[in-house]
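Dumped model_8.cif below, it's mmCIF, C-alpha atoms:
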data_final
loop_
_atom_site.label_atom_id
_atom_site.label_comp_id
_atom_site.auth_asym_id
_atom_site.auth_seq_id
_atom_site.Cartn_x
_atom_site.Cartn_y
_atom_site.Cartn_z
CA MET A 1 84.40 -121.00 153.05
CA ASP A 2 86.18 -122.38 156.09
CA LEU A 3 84.59 -125.42 157.70
CA THR A 4 87.72 -126.44 159.58
CA GLY A 5 86.85 -128.59 162.56
CA LYS A 6 83.80 -130.14 160.90
CA ARG A 7 83.76 -133.89 160.28
CA ALA A 8 81.91 -135.92 157.68
CA LEU A 9 81.48 -139.65 157.23
CA SER A 10 81.32 -140.98 153.67
CA LEU A 11 80.04 -144.51 153.10
CA ILE A 12 81.52 -146.69 150.39
CA HIS A 13 81.09 -150.11 148.80
CA TYR A 14 81.86 -151.66 145.44
CA ASP A 15 80.32 -150.09 142.33
CA TYR A 16 79.80 -146.63 143.81
CA GLU A 17 79.31 -143.84 141.27
CA ASP A 18 82.85 -142.46 141.01
CA LEU A 19 81.95 -138.77 140.65
CA GLU A 20 79.28 -138.94 143.37
CA PHE A 21 81.89 -140.21 145.84
CA TRP A 22 84.95 -138.18 144.85
CA TYR A 23 83.43 -134.79 144.03
CA PRO A 24 81.73 -134.31 147.44
CA LYS A 25 84.74 -135.69 149.32
CA LEU A 26 87.16 -133.34 147.59
CA ARG A 27 84.89 -130.29 147.80
CA LEU A 28 84.39 -130.81 151.54
CA GLU A 29 88.11 -131.32 152.08
CA GLU A 30 88.77 -128.08 150.15
CA ALA A 31 86.46 -126.36 152.65
CA GLY A 32 88.43 -127.77 155.59
CA VAL A 33 86.15 -130.69 156.50
CA ASN A 34 87.79 -133.91 157.69
CA VAL A 35 86.08 -136.63 155.59
CA GLU A 36 86.43 -140.16 156.92
CA VAL A 37 85.54 -143.09 154.65
CA ALA A 38 83.80 -146.16 156.07
CA GLY A 39 83.36 -149.45 154.25
CA GLU A 40 82.37 -153.00 155.09
CA LYS A 41 86.03 -153.56 156.00
CA ALA A 42 88.68 -151.05 157.08
CA THR A 43 91.64 -150.28 154.81
CA THR A 44 90.01 -151.96 151.85
CA THR A 45 90.08 -150.65 148.29
CA TYR A 46 86.65 -150.35 146.70
CA THR A 47 86.34 -149.75 142.97
CA GLY A 48 83.73 -147.46 141.49
CA LYS A 49 81.51 -148.19 138.48
CA HIS A 50 84.04 -146.51 136.21
CA GLY A 51 87.12 -148.10 137.78
CA VAL A 52 88.30 -145.35 140.12
CA PRO A 53 89.49 -146.83 143.41
CA ALA A 54 88.95 -145.45 146.91
CA MET A 55 90.10 -146.86 150.23
CA SER A 56 88.05 -147.13 153.38
CA GLU A 57 89.72 -145.92 156.54
CA ILE A 58 87.37 -147.63 159.00
CA ASP A 59 84.66 -150.27 158.94
CA PHE A 60 80.99 -149.41 159.44
CA GLY A 61 80.95 -150.68 163.03
CA SER A 62 83.80 -148.35 164.02
CA ALA A 63 81.98 -145.20 162.89
CA ASP A 64 80.58 -143.26 165.85
CA PRO A 65 77.74 -141.07 164.53
CA ALA A 66 78.14 -138.68 167.48
CA THR A 67 81.54 -137.58 166.16
CA TYR A 68 80.37 -136.44 162.71
CA ASP A 69 78.57 -133.34 161.48
CA ALA A 70 77.47 -134.85 158.17
CA LEU A 71 76.92 -138.14 156.36
CA LEU A 72 77.57 -138.61 152.64
CA ILE A 73 76.11 -141.49 150.66
CA PRO A 74 77.12 -141.69 146.99
CA GLY A 75 74.99 -143.37 144.37
CA GLY A 76 75.80 -146.02 141.82
CA TRP A 77 75.05 -149.63 142.71
CA ALA A 78 76.76 -149.35 146.11
CA PRO A 79 73.60 -148.18 147.94
CA ASP A 80 71.92 -151.51 147.20
CA LYS A 81 74.81 -153.15 149.05
CA LEU A 82 75.09 -150.54 151.82
CA ARG A 83 71.46 -150.89 152.87
CA ARG A 84 72.04 -154.54 153.76
CA PHE A 85 74.29 -153.65 156.72
CA GLU A 86 72.57 -153.09 160.05
CA GLU A 87 75.49 -150.84 161.10
CA VAL A 88 74.85 -148.57 158.11
CA LEU A 89 71.13 -148.33 158.86
CA SER A 90 71.95 -147.54 162.49
CA ILE A 91 74.34 -144.76 161.45
CA VAL A 92 71.66 -143.24 159.18
CA LYS A 93 68.94 -143.45 161.84
CA THR A 94 71.15 -142.01 164.58
CA MET A 95 72.46 -139.13 162.49
CA ASN A 96 68.95 -138.37 161.25
CA ASP A 97 67.58 -138.41 164.82
CA GLN A 98 70.38 -136.02 165.84
CA GLY A 99 69.49 -133.65 162.99
CA LYS A 100 72.88 -134.02 161.33
CA ILE A 101 73.26 -133.26 157.63
CA ILE A 102 72.66 -136.28 155.40
CA GLY A 103 73.64 -135.92 151.76
CA ILE A 104 72.29 -138.38 149.21
CA ILE A 105 72.53 -138.47 145.45
CA CYS A 106 71.19 -140.74 142.72
CA HIS A 107 70.51 -144.27 144.10
CA ALA A 108 71.65 -143.32 147.64
CA GLY A 109 68.01 -142.83 148.57
CA TRP A 110 67.76 -146.63 148.78
CA VAL A 111 69.76 -146.53 152.01
CA LEU A 112 67.35 -144.04 153.57
CA VAL A 113 64.40 -146.12 152.35
CA SER A 114 65.79 -149.14 154.20
CA ALA A 115 66.60 -147.04 157.27
CA GLY A 116 62.98 -145.84 157.40
CA VAL A 117 63.79 -142.13 157.68
CA LEU A 118 62.03 -140.65 154.62
CA GLU A 119 58.49 -140.39 156.00
CA GLY A 120 57.26 -136.82 155.47
CA LYS A 121 60.46 -135.66 153.77
CA ARG A 122 60.63 -133.84 150.46
CA ALA A 123 63.46 -135.34 148.39
CA THR A 124 64.82 -136.19 144.98
CA SER A 125 66.87 -139.02 143.49
CA THR A 126 67.45 -140.68 140.19
CA PRO A 127 64.00 -141.23 138.67
CA ALA A 128 64.74 -144.98 138.70
CA ILE A 129 64.02 -145.14 142.47
CA LYS A 130 61.22 -142.56 142.54
CA ASP A 131 58.60 -145.19 143.46
CA ASP A 132 60.80 -146.62 146.24
CA MET A 133 61.23 -143.16 147.74
CA MET A 134 57.51 -142.42 147.53
CA ASN A 135 56.55 -145.81 148.99
CA ALA A 136 58.88 -144.98 151.90
CA GLY A 137 56.85 -141.83 152.60
CA ALA A 138 58.85 -139.16 150.78
CA THR A 139 57.35 -136.50 148.57
CA TRP A 140 59.52 -137.03 145.50
CA VAL A 141 60.26 -134.09 143.20
CA ASN A 142 62.25 -133.94 139.98
CA GLU A 143 64.60 -131.08 140.90
CA PRO A 144 68.40 -130.91 140.79
CA VAL A 145 68.72 -130.36 144.55
CA VAL A 146 66.22 -130.54 147.39
CA VAL A 147 66.88 -129.47 150.98
CA ASP A 148 64.38 -130.56 153.64
CA GLY A 149 65.58 -130.04 157.18
CA ASN A 150 68.79 -132.03 157.58
CA LEU A 151 68.38 -133.91 154.27
CA VAL A 152 70.14 -132.68 151.14
CA SER A 153 69.26 -134.78 148.08
CA SER A 154 70.21 -134.65 144.42
CA ARG A 155 69.53 -136.60 141.23
CA ARG A 156 72.73 -137.40 139.31
CA PRO A 157 76.31 -136.31 138.47
CA PRO A 158 75.40 -133.22 136.39
CA ASP A 159 73.67 -131.86 139.54
CA LEU A 160 76.82 -132.16 141.68
CA PRO A 161 77.78 -128.44 141.70
CA GLY A 162 74.38 -127.36 143.04
CA TYR A 163 74.27 -130.35 145.41
CA MET A 164 77.57 -129.39 146.96
CA GLN A 165 76.68 -125.71 147.21
CA ALA A 166 73.55 -126.70 149.14
CA LEU A 167 75.33 -129.28 151.30
CA ILE A 168 78.17 -126.92 152.21
CA GLY A 169 75.63 -124.15 152.90
CA GLU A 170 73.70 -126.42 155.28
CA LEU A 171 76.89 -127.60 156.97
CA LYS A 172 77.92 -123.99 157.50
CA LYS A 173 74.56 -123.27 159.25
CA HIS A 174 74.97 -126.18 161.66
#

Translate the structure of the given file into structure tokens.
Amino acid sequence: MDLTGKRALSLIHYDYEDLEFWYPKLRLEEAGVNVEVAGEKATTTYTGKHGVPAMSEIDFGSADPATYDALLIPGGWAPDKLRRFEEVLSIVKTMNDQGKIIGIICHAGWVLVSAGVLEGKRATSTPAIKDDMMNAGATWVNEPVVVDGNLVSSRRPPDLPGYMQALIGELKKH
């Protein structure tokens, strides 16, 4: 599937879930998508929960949501850090308002909770944040992958193949 010309923004911070960052990034790059990585600081190496490093290319404030077709937020403990940055919440709100694809997996739902964009959405996550998602207005379901409008959500690493099939399928439609 050729998605050449599409752009995605992937958010990163310390203690991201290694597979939930790398698998989507690599799958999208295989499909021709230019994936740009944004962190708290540009050109900074962030280490995942299992020790795999990844480098940010830009800082959150330099990311222009208008230039991306999709947003990726990996899980792990990083989402609890990411949701503390006003720039991150602004990116999420803007991309959601523009109907751009937002992919979340595992604990990444925390970022959308803090951004206030889950009201009326059907979504999934790790069961550990089920109550947070529901209290934010989402209809939470225990399914490997859930697509609701521009939101593609998934539970955990074993669900990554289905998550990426759905995310790539949605990106192809847009």

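Proximity to A:Ala136 was assessed for A:Glu170, A:Glu29, A:Asp148, A:Glu119 counting only C-alpha atoms; the smallest distance is recorded for A:Glu119.
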
* For the structure provided, state which residues fall under the PyMOL selection byres ((chain A and resi 12-25) around 8), and present them as a ChimeraX atom specification. => /A:10-11,26-29,35,37-40,46-52,56,72-79,81-82,105,156-157,160,164

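When only C-alpha atoms are used to compute distances to A:Val145, the closest of the residues A:Ile101, A:Leu118, A:Leu9, A:Ala166 turns out to be A:Ala166.
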
* Shell around A:Thr67 at 9 Å using all atoms listed in the file, local window under 3 positions removed, as a list in words -> Arg7, Ala8, Ala63 and Asp64 of chain A

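For the structure shown here, the set of residues caught by the PyMOL selection byres ((chain A and resi 98) around 12) is Pro65, Ala66, Thr67, Tyr68, Asp69, Ala70, Leu71, Ile91, Val92, Lys93, Thr94, Met95, Asn96, Asp97, Gly99, Lys100, Ile101, Ile102, Gly149, Asn150, Leu151 and His174 of chain A.
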
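We find atom CA of A:Asp132 and atom CA of A:Val147 to be spaced 18.8 Å apart.
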
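Proximity to A:Ile168 was assessed for A:Met133, A:Leu112, A:Ala31, A:Cys106 counting all atoms listed in the file; the smallest distance is recorded for A:Ala31.
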
* To do: Please measure the separation of atom CA of A:Arg122 and atom CA of A:Ala108, giving the value in Å to one decimal.
  => 14.8 Å

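The coordinates place atom CA of A:Thr44 at 28.7 Å from atom CA of A:Asp159.
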
Axis-aligned box for all listed atoms of stretch 98-101 of chain A, 3 Å per side, centre and edges in Å to one decimal, as JSON:
{"center_x": 71.4, "center_y": -134.6, "center_z": 161.7, "size_x": 9.8, "size_y": 8.8, "size_z": 14.2}

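Comparing A:Glu30, A:Glu36, A:Glu143, A:Asp131 by their smallest distance to A:Met55, the closest is A:Glu36 (using only C-alpha atoms).
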
* Could you tell me which of A:Val88, A:Val152, A:Val117, A:Ile58 comes closest to A:Gln165 if we count all atoms listed in the file? => A:Val152

* Structure fact -> The residue from A:Ala54, A:Ala115, A:Ile104, A:Ala128 with the smallest atom-to-atom distance to A:Arg84, counting all atoms listed in the file, is A:Ala115
